[in-house]
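Scroll down for the structure; my scribbles are underneath it.
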Amino acid sequence: MKYATVIGSRHITKEEYIVLRDVATKLAYEGYTLRSGGAEGADSTINHLCKVEIIIPWNGFNHFQHNGKRIFTLGLLPHVSLAEDRAKSIHPAPERLTQGALKLHTRNIYQIIGPYGNDGYKSDIVVFCADADENGIPVGGTRTGVVYAQQLDIPTFNIRNHGFDVDALLQAILGRIQSNKESQFNREYASE
């Protein structure tokens with residue numbers, strides 16, 4: 001099974017929306033199930049696809065309702081307290097998170113590991129569109145998902161400021177997935 005997470009800012013340009021949607025569509029044609037969080041902007045670029053897992057922080061978020069097939073509500077997922085703890089450990093000011101904000105950030109953890117938590121499959125790549133700090137780490141809510149993916153050695157790819165050649169972006173993304181798999185294989189093989 002192959003999974004790709006597509007997340008990012010709620011505020012993206014029309015060009016960025018088109019590029020993310022096209023990249024998501026091409027990843028779906030490559031056999032990936034796409035994951036996101038049901039927010040406006042970058043997250044919404046996967047909504048037109050059939051094989052998706054949209055993780056929402058609560059029922060009714062952006063008019064989405066849990067159905068256990070495409071749409072998954074945080075409160076019905078396994079290991080929520082573990083995901084909350086992980087989100088708090090990543091957030092720069094966890095003590096200031098409101099209940100709603102904590103649910104949004106916890107949802108971002110599941111965007112990476114899927115709706116079955118520790119019992120499921122983590123994503124192979126995280127493609128996102130967001131502003132980033134001087135170290136390339138996204139700012140805002142996207143930060144939680146991207147940092148968690150990086151902690152799990154999942155490659156991340158920010159399309160912002162990379163141009164709009166969808167085929168070149170897709171090749172770079174697929175190349176990063178392959179490189180990561182080869183690196184993991186080499187680490188495992190070397191340890192035997």
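Scheme for the structure tokens: letters A, B, ... for chains in order shown; per-chain residue numbers from 1; ligand numbers from 1 in order shown.
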How close does stretch 111-147 of chain A get to stretch 41-50 of chain A? List, as a tab-separated table, each residue of stretch 111-147 of chain A within 12 Å, its nearest atom pair and the distance in Å to one decimal, counting only C-alpha atoms.
residue	atom	partner	partner_atom	distance
A:Gln111	CA	A:Asp43	CA	10.3
A:Val126	CA	A:Asp43	CA	11.8
A:Val127	CA	A:Ala42	CA	9.7
A:Phe128	CA	A:Ala42	CA	7.3
A:Cys129	CA	A:Ala42	CA	6.6
A:Ala130	CA	A:Ala42	CA	8.6
A:Gly141	CA	A:Asp43	CA	11.9
A:Thr142	CA	A:Ala42	CA	10.1
Create the file for the chosen residues now, containing C-alpha atoms and written as an mmCIF file, in the first residue's frame.
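Ended up saving to out.cif:
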data_model
loop_
_atom_site.group_PDB
_atom_site.id
_atom_site.type_symbol
_atom_site.label_atom_id
_atom_site.label_comp_id
_atom_site.auth_asym_id
_atom_site.auth_seq_id
_atom_site.Cartn_x
_atom_site.Cartn_y
_atom_site.Cartn_z
ATOM 1 C CA GLN A 111 -2.548 13.002 8.295
ATOM 2 C CA VAL A 126 4.391 14.588 2.442
ATOM 3 C CA VAL A 127 3.794 17.178 -0.259
ATOM 4 C CA PHE A 128 2.879 20.586 1.105
ATOM 5 C CA CYS A 129 2.511 24.241 0.211
ATOM 6 C CA ALA A 130 3.353 26.701 2.971
ATOM 7 C CA GLY A 141 -0.343 24.426 11.515
ATOM 8 C CA THR A 142 1.364 22.650 8.635
#
For this session: Would you list the contacts of A:Met1 as a PyMOL selection string, taking every protein, DNA or RNA residue within 9 Å and counting only C-alpha atoms, but skipping same-chain residues closer than 5 positions in sequence?
Result: chain A and resi 31-33+121
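With only C-alpha atoms taken into account, the protein and nucleic acid residues at most 6 Å from A:Thr106 (excluding it and anything under 2 positions from it in its own chain) are Ala83, Glu84, Ala87, Leu102, Lys103, Leu104, Asn108 and Ile109 of chain A.
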Problem set entry | Distance of atom CA of A:Leu169 from atom CA of A:Ile54, expressed in Å to one decimal place |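 If I compute the distance from atom CA of A:Ile54 to atom CA of A:Leu169, I get 23.2 Å.
The list of residues with at least one atom within 12 Å of stretch 177-184 of chain A, based on only C-alpha atoms and without residues fewer than 3 positions apart in the same chain, reads Lys2, Tyr3, Ala4, Leu27, Tyr32, Ser123, Asp124, Ile125, Val126, Val127, Gln150, Leu152, Asp153, Ile154, Pro155, Thr156, Phe157, Leu170, Gln171, Ala172, Ile173, Leu174, Arg187, Glu188, Tyr189, Ala190 and Ser191 of chain A.
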Which stretch 51-92 of chain A residues have any atom within 12 Å of an atom of stretch 6-15 of chain A, and for each, what is the nearest pair of atoms with distance in Å to one decimal, counting only C-alpha atoms, rows sorted by chain and number, as a Markdown table?
| residue | atom | partner | partner_atom | distance |
| --- | --- | --- | --- | --- |
| A:Val52 | CA | A:Val6 | CA | 10.4 |
| A:Glu53 | CA | A:Val6 | CA | 10.6 |
| A:Ile54 | CA | A:Val6 | CA | 10.2 |
| A:Ile55 | CA | A:Ile7 | CA | 11.3 |
For this session: Within 12 Å of A:Asp119, counting only C-alpha atoms, which residues show up once you throw out same-chain ones fewer than 4 positions away? Write them as a PyMOL selection string, please.
Result: chain A and resi 77-79+110+113-115
Exercise. Distance atom CA of A:Trp58-atom CA of A:Thr5, one decimal place?
Worked result: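 For atom CA of A:Trp58 relative to atom CA of A:Thr5, the distance reads 19.3 Å.
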For this session: State, in Å with one decimal place, the distance from atom CA of A:Leu20 to atom CA of A:Phe61.
Result: 21.5 Å
Seminar exercise, completed: Restricting to only C-alpha atoms, whichever of A:Thr25, A:Asn62, A:Asn118, A:Asn158 is closest to A:Leu82 is A:Asn118
Problem set entry | Filtered DSSP result for stretch 7-38 of chain A, state strand (DSSP E), as a list of chain:residue names |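 Matching residues for strand (DSSP E) in stretch 7-38 of chain A are A:Ile7, A:Gly8, A:Tyr32, A:Thr33, A:Leu34, A:Arg35, A:Ser36.
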If we count only C-alpha atoms and set the cut-off at 9 Å, which residues sit around A:Gly75, ignoring sequence neighbours fewer than 4 positions away in its own chain? Please answer as a PDB file with N, CA and C atoms, in the first residue's frame.
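File produced: result_37.pdb:
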ATOM      1  N   PRO A  57     -10.930  17.129  12.423  1.00  0.00           N
ATOM      2  CA  PRO A  57     -10.802  17.243  13.881  1.00  0.00           C
ATOM      3  C   PRO A  57     -12.115  17.011  14.624  1.00  0.00           C
ATOM      4  N   TRP A  58     -13.237  17.262  13.961  1.00  0.00           N
ATOM      5  CA  TRP A  58     -14.555  17.036  14.562  1.00  0.00           C
ATOM      6  C   TRP A  58     -15.570  16.921  13.432  1.00  0.00           C
ATOM      7  N   ASN A  59     -16.664  16.216  13.707  1.00  0.00           N
ATOM      8  CA  ASN A  59     -17.725  16.076  12.711  1.00  0.00           C
ATOM      9  C   ASN A  59     -18.275  17.445  12.344  1.00  0.00           C
ATOM     10  N   VAL A  80      -5.726   8.348  20.242  1.00  0.00           N
ATOM     11  CA  VAL A  80      -5.804   9.812  20.171  1.00  0.00           C
ATOM     12  C   VAL A  80      -4.931  10.467  21.234  1.00  0.00           C
TER      13      VAL A  80
END
For this session: Rank A:Ser81, A:Arg107, A:Gly100, A:Lys69 by their smallest atom-to-atom distance to A:Gly38, using only C-alpha atoms, and report the top residue only.
Result: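 Closest residue, counting only C-alpha atoms: A:Arg107.
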Just list as a PDB file with C-alpha atoms, in the first residue's frame whatever in stretch 24-190 of chain A DSSP marks as alpha helix (DSSP H).
ATOM      1  CA  ALA A  24      -2.208  14.713  -6.168  1.00  0.00           C
ATOM      2  CA  THR A  25      -4.062  13.393  -9.221  1.00  0.00           C
ATOM      3  CA  LYS A  26      -0.840  12.032 -10.731  1.00  0.00           C
ATOM      4  CA  LEU A  27       0.120  10.405  -7.418  1.00  0.00           C
ATOM      5  CA  ALA A  28      -3.328   8.774  -7.355  1.00  0.00           C
ATOM      6  CA  TYR A  29      -2.684   7.425 -10.875  1.00  0.00           C
ATOM      7  CA  VAL A  80      -5.804   9.812  20.171  1.00  0.00           C
ATOM      8  CA  SER A  81      -4.075  10.561  23.491  1.00  0.00           C
ATOM      9  CA  LEU A  82      -0.736   9.411  22.025  1.00  0.00           C
ATOM     10  CA  ALA A  83      -1.274  11.609  18.968  1.00  0.00           C
ATOM     11  CA  GLU A  84      -2.191  14.555  21.225  1.00  0.00           C
ATOM     12  CA  ASP A  85       1.026  14.062  23.179  1.00  0.00           C
ATOM     13  CA  ARG A  86       3.033  13.970  19.932  1.00  0.00           C
ATOM     14  CA  ALA A  87       1.327  17.153  18.669  1.00  0.00           C
ATOM     15  CA  LYS A  88       2.087  18.927  21.961  1.00  0.00           C
ATOM     16  CA  SER A  89       5.723  17.823  21.811  1.00  0.00           C
ATOM     17  CA  ILE A  90       6.074  19.408  18.360  1.00  0.00           C
ATOM     18  CA  GLN A  99      -9.122  22.629  22.815  1.00  0.00           C
ATOM     19  CA  GLY A 100      -9.989  23.305  19.160  1.00  0.00           C
ATOM     20  CA  ALA A 101      -6.399  24.115  18.188  1.00  0.00           C
ATOM     21  CA  LEU A 102      -5.162  20.949  19.916  1.00  0.00           C
ATOM     22  CA  LYS A 103      -7.659  18.908  17.884  1.00  0.00           C
ATOM     23  CA  LEU A 104      -6.436  20.545  14.660  1.00  0.00           C
ATOM     24  CA  HIS A 105      -2.800  19.781  15.489  1.00  0.00           C
ATOM     25  CA  THR A 106      -3.643  16.230  16.595  1.00  0.00           C
ATOM     26  CA  ARG A 107      -5.458  15.756  13.289  1.00  0.00           C
ATOM     27  CA  ASN A 108      -2.194  16.776  11.602  1.00  0.00           C
ATOM     28  CA  ILE A 109      -0.462  13.786  13.235  1.00  0.00           C
ATOM     29  CA  TYR A 110      -3.047  11.418  11.713  1.00  0.00           C
ATOM     30  CA  GLN A 111      -2.548  13.002   8.295  1.00  0.00           C
ATOM     31  CA  ILE A 112       0.906  11.413   8.421  1.00  0.00           C
ATOM     32  CA  ILE A 113       0.154   8.020  10.006  1.00  0.00           C
ATOM     33  CA  THR A 142       1.364  22.650   8.635  1.00  0.00           C
ATOM     34  CA  ARG A 143       4.505  22.624  10.780  1.00  0.00           C
ATOM     35  CA  THR A 144       3.133  19.869  13.050  1.00  0.00           C
ATOM     36  CA  GLY A 145       2.556  17.396  10.217  1.00  0.00           C
ATOM     37  CA  VAL A 146       5.812  18.154   8.423  1.00  0.00           C
ATOM     38  CA  VAL A 147       7.973  17.979  11.555  1.00  0.00           C
ATOM     39  CA  TYR A 148       6.308  14.702  12.577  1.00  0.00           C
ATOM     40  CA  ALA A 149       6.909  13.262   9.097  1.00  0.00           C
ATOM     41  CA  GLN A 150      10.566  14.271   9.323  1.00  0.00           C
ATOM     42  CA  GLN A 151      10.835  12.616  12.753  1.00  0.00           C
ATOM     43  CA  VAL A 166       3.867  19.552 -12.635  1.00  0.00           C
ATOM     44  CA  ASP A 167       5.756  16.758 -14.399  1.00  0.00           C
ATOM     45  CA  ALA A 168       9.109  17.995 -13.076  1.00  0.00           C
ATOM     46  CA  LEU A 169       7.655  18.317  -9.557  1.00  0.00           C
ATOM     47  CA  LEU A 170       6.190  14.825  -9.752  1.00  0.00           C
ATOM     48  CA  GLN A 171       9.510  13.355 -10.875  1.00  0.00           C
ATOM     49  CA  ALA A 172      11.288  15.138  -8.017  1.00  0.00           C
ATOM     50  CA  ILE A 173       8.687  13.846  -5.529  1.00  0.00           C
ATOM     51  CA  LEU A 174       8.824  10.257  -6.817  1.00  0.00           C
ATOM     52  CA  GLY A 175      12.628  10.457  -6.862  1.00  0.00           C
ATOM     53  CA  ARG A 176      12.641  11.539  -3.225  1.00  0.00           C
ATOM     54  CA  ILE A 177      10.372   8.593  -2.297  1.00  0.00           C
ATOM     55  CA  GLN A 178      12.665   6.137  -4.116  1.00  0.00           C
ATOM     56  CA  SER A 179      15.798   7.626  -2.572  1.00  0.00           C
ATOM     57  CA  ASN A 180      14.252   7.366   0.896  1.00  0.00           C
ATOM     58  CA  LYS A 181      13.298   3.699   0.333  1.00  0.00           C
ATOM     59  CA  GLU A 182      16.822   2.873  -0.862  1.00  0.00           C
ATOM     60  CA  SER A 183      18.297   4.644   2.155  1.00  0.00           C
ATOM     61  CA  GLN A 184      16.015   2.722   4.533  1.00  0.00           C
ATOM     62  CA  PHE A 185      16.906  -0.553   2.806  1.00  0.00           C
ATOM     63  CA  ASN A 186      20.627   0.200   3.110  1.00  0.00           C
ATOM     64  CA  ARG A 187      20.278   1.005   6.829  1.00  0.00           C
ATOM     65  CA  GLU A 188      18.357  -2.230   7.436  1.00  0.00           C
ATOM     66  CA  TYR A 189      20.728  -4.318   5.321  1.00  0.00           C
ATOM     67  CA  ALA A 190      23.798  -2.801   6.998  1.00  0.00           C
TER      68      ALA A 190
END
